[in-house]
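Undergrad: Mind looking over this structure? Questions follow.
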Amino acid sequence: MACETYKKAASQRSRTSRAKKLYRTYIQPESPREINIDSSTRETIIKNIQEPTQTCFEEAQKIVHMHMERDSYPRFLKSEMYQKLLKTIQPNNNF
(Lines give C-alpha, C1' and ligand atoms only; values in the text may rest on other atoms or scores of the structure.)
Protein backbone atom coordinates (compact mmCIF):
# COMPACT_ATOMS: atom_id res chain seq x y z
CA MET A 1 0.00 0.00 0.00
CA ALA A 2 2.88 2.32 0.76
CA CYS A 3 4.26 1.75 -2.75
CA GLU A 4 0.92 2.54 -4.35
CA THR A 5 0.72 5.79 -2.40
CA TYR A 6 4.30 6.59 -3.39
CA LYS A 7 3.50 6.10 -7.09
CA LYS A 8 0.88 8.85 -6.85
CA ALA A 9 3.37 11.50 -5.68
CA ALA A 10 3.00 14.36 -8.13
CA SER A 11 6.26 16.25 -7.78
CA GLN A 12 9.87 15.08 -7.85
CA ARG A 13 10.42 16.70 -4.45
CA SER A 14 7.53 14.77 -2.93
CA ARG A 15 8.68 11.55 -4.59
CA THR A 16 12.21 12.00 -3.21
CA SER A 17 10.95 12.59 0.31
CA ARG A 18 8.60 9.60 0.17
CA ALA A 19 11.27 7.36 -1.37
CA LYS A 20 13.64 8.08 1.50
CA LYS A 21 10.89 7.41 4.02
CA LEU A 22 10.01 4.09 2.33
CA TYR A 23 13.68 3.14 2.38
CA ARG A 24 14.06 3.94 6.10
CA THR A 25 10.87 2.09 6.99
CA TYR A 26 10.94 -1.01 4.76
CA ILE A 27 14.21 -1.44 2.85
CA GLN A 28 17.06 -0.42 5.13
CA PRO A 29 18.55 -3.35 7.06
CA GLU A 30 17.19 -3.45 10.63
CA SER A 31 14.42 -1.00 9.70
CA PRO A 32 11.19 -1.09 11.75
CA ARG A 33 9.23 -2.98 9.08
CA GLU A 34 12.02 -4.47 7.00
CA ILE A 35 10.73 -6.56 4.12
CA ASN A 36 12.28 -9.79 2.88
CA ILE A 37 14.04 -8.92 -0.39
CA ASP A 38 17.31 -10.06 -1.91
CA SER A 39 20.44 -7.94 -1.67
CA SER A 40 20.57 -7.11 -5.39
CA THR A 41 17.05 -5.65 -5.27
CA ARG A 42 18.01 -3.70 -2.15
CA GLU A 43 21.12 -2.33 -3.87
CA THR A 44 19.14 -1.34 -6.96
CA ILE A 45 16.66 0.56 -4.79
CA ILE A 46 19.50 2.36 -2.99
CA LYS A 47 20.82 3.55 -6.37
CA ASN A 48 17.39 4.43 -7.72
CA ILE A 49 16.23 6.55 -4.80
CA GLN A 50 18.96 9.08 -5.53
CA GLU A 51 16.69 10.24 -8.36
CA PRO A 52 13.51 8.28 -7.75
CA THR A 53 10.99 7.38 -10.42
CA GLN A 54 7.46 6.05 -9.96
CA THR A 55 8.74 2.52 -10.53
CA CYS A 56 11.86 2.38 -8.33
CA PHE A 57 10.12 0.16 -5.72
CA GLU A 58 8.27 -2.01 -8.22
CA GLU A 59 10.60 -5.03 -8.01
CA ALA A 60 10.43 -5.04 -4.21
CA GLN A 61 6.66 -4.80 -4.43
CA LYS A 62 6.56 -7.83 -6.75
CA ILE A 63 8.77 -9.82 -4.38
CA VAL A 64 6.56 -9.01 -1.38
CA HIS A 65 3.45 -10.03 -3.32
CA MET A 66 5.11 -13.29 -4.32
CA HIS A 67 6.04 -14.06 -0.68
CA MET A 68 2.48 -13.33 0.39
CA GLU A 69 1.01 -15.51 -2.34
CA ARG A 70 3.31 -18.47 -1.81
CA ASP A 71 3.88 -18.35 1.93
CA SER A 72 2.02 -15.89 4.17
CA TYR A 73 -1.48 -16.24 2.76
CA PRO A 74 -1.52 -20.07 2.64
CA ARG A 75 -0.21 -20.18 6.23
CA PHE A 76 -2.90 -17.73 7.29
CA LEU A 77 -5.62 -19.86 5.71
CA LYS A 78 -4.38 -22.85 7.73
CA SER A 79 -3.96 -20.90 10.96
CA GLU A 80 -5.92 -21.78 14.05
CA MET A 81 -7.16 -18.21 14.33
CA TYR A 82 -8.63 -18.22 10.81
CA GLN A 83 -10.11 -21.69 11.25
CA LYS A 84 -11.86 -20.56 14.44
CA LEU A 85 -13.21 -17.51 12.64
CA LEU A 86 -14.62 -19.71 9.88
CA LYS A 87 -16.38 -21.88 12.44
CA THR A 88 -18.01 -18.87 14.08
CA ILE A 89 -19.20 -17.51 10.75
CA GLN A 90 -20.38 -20.84 9.34
CA PRO A 91 -21.00 -23.11 12.33
CA ASN A 92 -22.64 -25.89 10.28
CA ASN A 93 -19.73 -26.31 7.85
CA ASN A 94 -16.65 -28.34 8.69
CA PHE A 95 -13.40 -27.00 7.25
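Scheme for the C-alpha coordinates: letters A, B, ... for chains in order shown; per-chain residue numbers from 1; ligand numbers from 1 in order shown.
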Please provide as a list in words all residues within 9 Å of Gln12 of chain A, with the sequence filter that same-chain residues fewer than 4 positions apart are discarded (counting only C-alpha atoms).

TA: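 Counting only the stated atoms, we get Thr16, Ser17, Glu51, Pro52 and Thr53 of chain A.
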
Undergrad: Could the residues in this selection be saved with N, CA and C atoms as an mmCIF file, in the first residue's frame?

TA:
data_model
loop_
_atom_site.group_PDB
_atom_site.id
_atom_site.type_symbol
_atom_site.label_atom_id
_atom_site.label_comp_id
_atom_site.auth_asym_id
_atom_site.auth_seq_id
_atom_site.Cartn_x
_atom_site.Cartn_y
_atom_site.Cartn_z
ATOM 1 N N THR A 16 10.919 12.189 -3.881
ATOM 2 C CA THR A 16 12.209 11.995 -3.215
ATOM 3 C C THR A 16 12.023 11.829 -1.707
ATOM 4 N N SER A 17 11.211 12.674 -1.117
ATOM 5 C CA SER A 17 10.949 12.593 0.310
ATOM 6 C C SER A 17 10.295 11.263 0.672
ATOM 7 N N GLU A 51 17.581 9.492 -7.471
ATOM 8 C CA GLU A 51 16.688 10.235 -8.364
ATOM 9 C C GLU A 51 15.489 9.334 -8.633
ATOM 10 N N PRO A 52 14.578 9.267 -7.687
ATOM 11 C CA PRO A 52 13.507 8.279 -7.753
ATOM 12 C C PRO A 52 12.492 8.498 -8.873
ATOM 13 N N THR A 53 12.059 7.384 -9.427
ATOM 14 C CA THR A 53 10.988 7.383 -10.421
ATOM 15 C C THR A 53 9.780 6.692 -9.788
#

Undergrad: Which residue, A:Ser39, A:Ser72, A:Gln90, A:Ser79, has the smallest gap to Ala60 of chain A when you use only C-alpha atoms?

TA: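 Looking at the shortest contact to Ala60 of chain A, the residue is A:Ser39.
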
Undergrad: Would you please work out which residue, of A:Ile37, A:Thr88, A:Lys20, A:Pro74, is nearest to Glu58 of chain A when using only C-alpha atoms?

TA: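 Checking each candidate against Glu58 of chain A, we get A:Ile37 as the closest.
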
Undergrad: Between A:Glu59, A:Ser14, A:Ala2, A:His67, which has the minimum distance to Arg33 of chain A (counting only C-alpha atoms)?

TA: A:Ala2

Undergrad: Enumerate as a PyMOL selection string all residues of chain A assigned to helix (DSSP H, G or I) by DSSP on the backbone, naming them with the chain letters and numbers the document uses.

TA: chain A and resi 2-7+12-27+39-48+58-78+80-89

Undergrad: With only C-alpha atoms as the counted atoms, please give the residues lying no more than 7 Å from Ile45 of chain A, apart from itself and same-chain residues fewer than 3 positions off, as a ChimeraX atom specification.

TA: /A:41-42,48-49,56-57

Undergrad: Those same residues, written as a short mmCIF file (atom, residue, chain, number, x, y, z; two decimals), in the first residue's frame with all heavy atoms?

TA:
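To be explicit, this is the file written out as part_3.cif:
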data_model
loop_
_atom_site.label_atom_id
_atom_site.label_comp_id
_atom_site.auth_asym_id
_atom_site.auth_seq_id
_atom_site.Cartn_x
_atom_site.Cartn_y
_atom_site.Cartn_z
N THR A 41 18.20 -6.55 -5.19
CA THR A 41 17.05 -5.65 -5.27
C THR A 41 17.24 -4.48 -4.33
O THR A 41 16.99 -3.33 -4.69
CB THR A 41 15.74 -6.41 -4.93
OG1 THR A 41 15.58 -7.49 -5.84
CG2 THR A 41 14.53 -5.49 -5.01
N ARG A 42 17.74 -4.76 -3.12
CA ARG A 42 18.01 -3.70 -2.15
C ARG A 42 19.02 -2.70 -2.71
O ARG A 42 18.83 -1.49 -2.62
CB ARG A 42 18.52 -4.31 -0.84
CG ARG A 42 18.65 -3.33 0.30
CD ARG A 42 19.17 -4.00 1.58
NE ARG A 42 18.52 -5.25 1.90
CZ ARG A 42 17.38 -5.39 2.56
NH1 ARG A 42 16.74 -4.33 2.96
NH2 ARG A 42 16.87 -6.59 2.81
N ASN A 48 18.52 3.76 -7.08
CA ASN A 48 17.39 4.43 -7.72
C ASN A 48 16.78 5.56 -6.90
O ASN A 48 16.22 6.50 -7.47
CB ASN A 48 16.29 3.43 -8.07
CG ASN A 48 16.68 2.53 -9.21
OD1 ASN A 48 17.60 2.82 -9.98
ND2 ASN A 48 16.00 1.41 -9.33
N ILE A 49 16.86 5.49 -5.59
CA ILE A 49 16.23 6.55 -4.80
C ILE A 49 17.04 7.85 -4.79
O ILE A 49 16.56 8.85 -4.27
CB ILE A 49 15.88 6.12 -3.36
CG1 ILE A 49 17.12 5.78 -2.55
CG2 ILE A 49 14.87 4.99 -3.38
CD1 ILE A 49 16.83 5.54 -1.06
N CYS A 56 10.62 2.84 -8.98
CA CYS A 56 11.86 2.38 -8.33
C CYS A 56 11.63 1.34 -7.22
O CYS A 56 12.57 0.64 -6.85
CB CYS A 56 12.71 3.54 -7.85
SG CYS A 56 12.07 4.48 -6.48
N PHE A 57 10.40 1.18 -6.73
CA PHE A 57 10.12 0.16 -5.72
C PHE A 57 9.33 -1.02 -6.29
O PHE A 57 8.93 -1.92 -5.56
CB PHE A 57 9.34 0.76 -4.54
CG PHE A 57 10.13 1.75 -3.74
CD1 PHE A 57 9.99 3.11 -3.95
CD2 PHE A 57 11.04 1.31 -2.79
CE1 PHE A 57 10.72 4.03 -3.22
CE2 PHE A 57 11.78 2.23 -2.05
CZ PHE A 57 11.63 3.59 -2.27
#
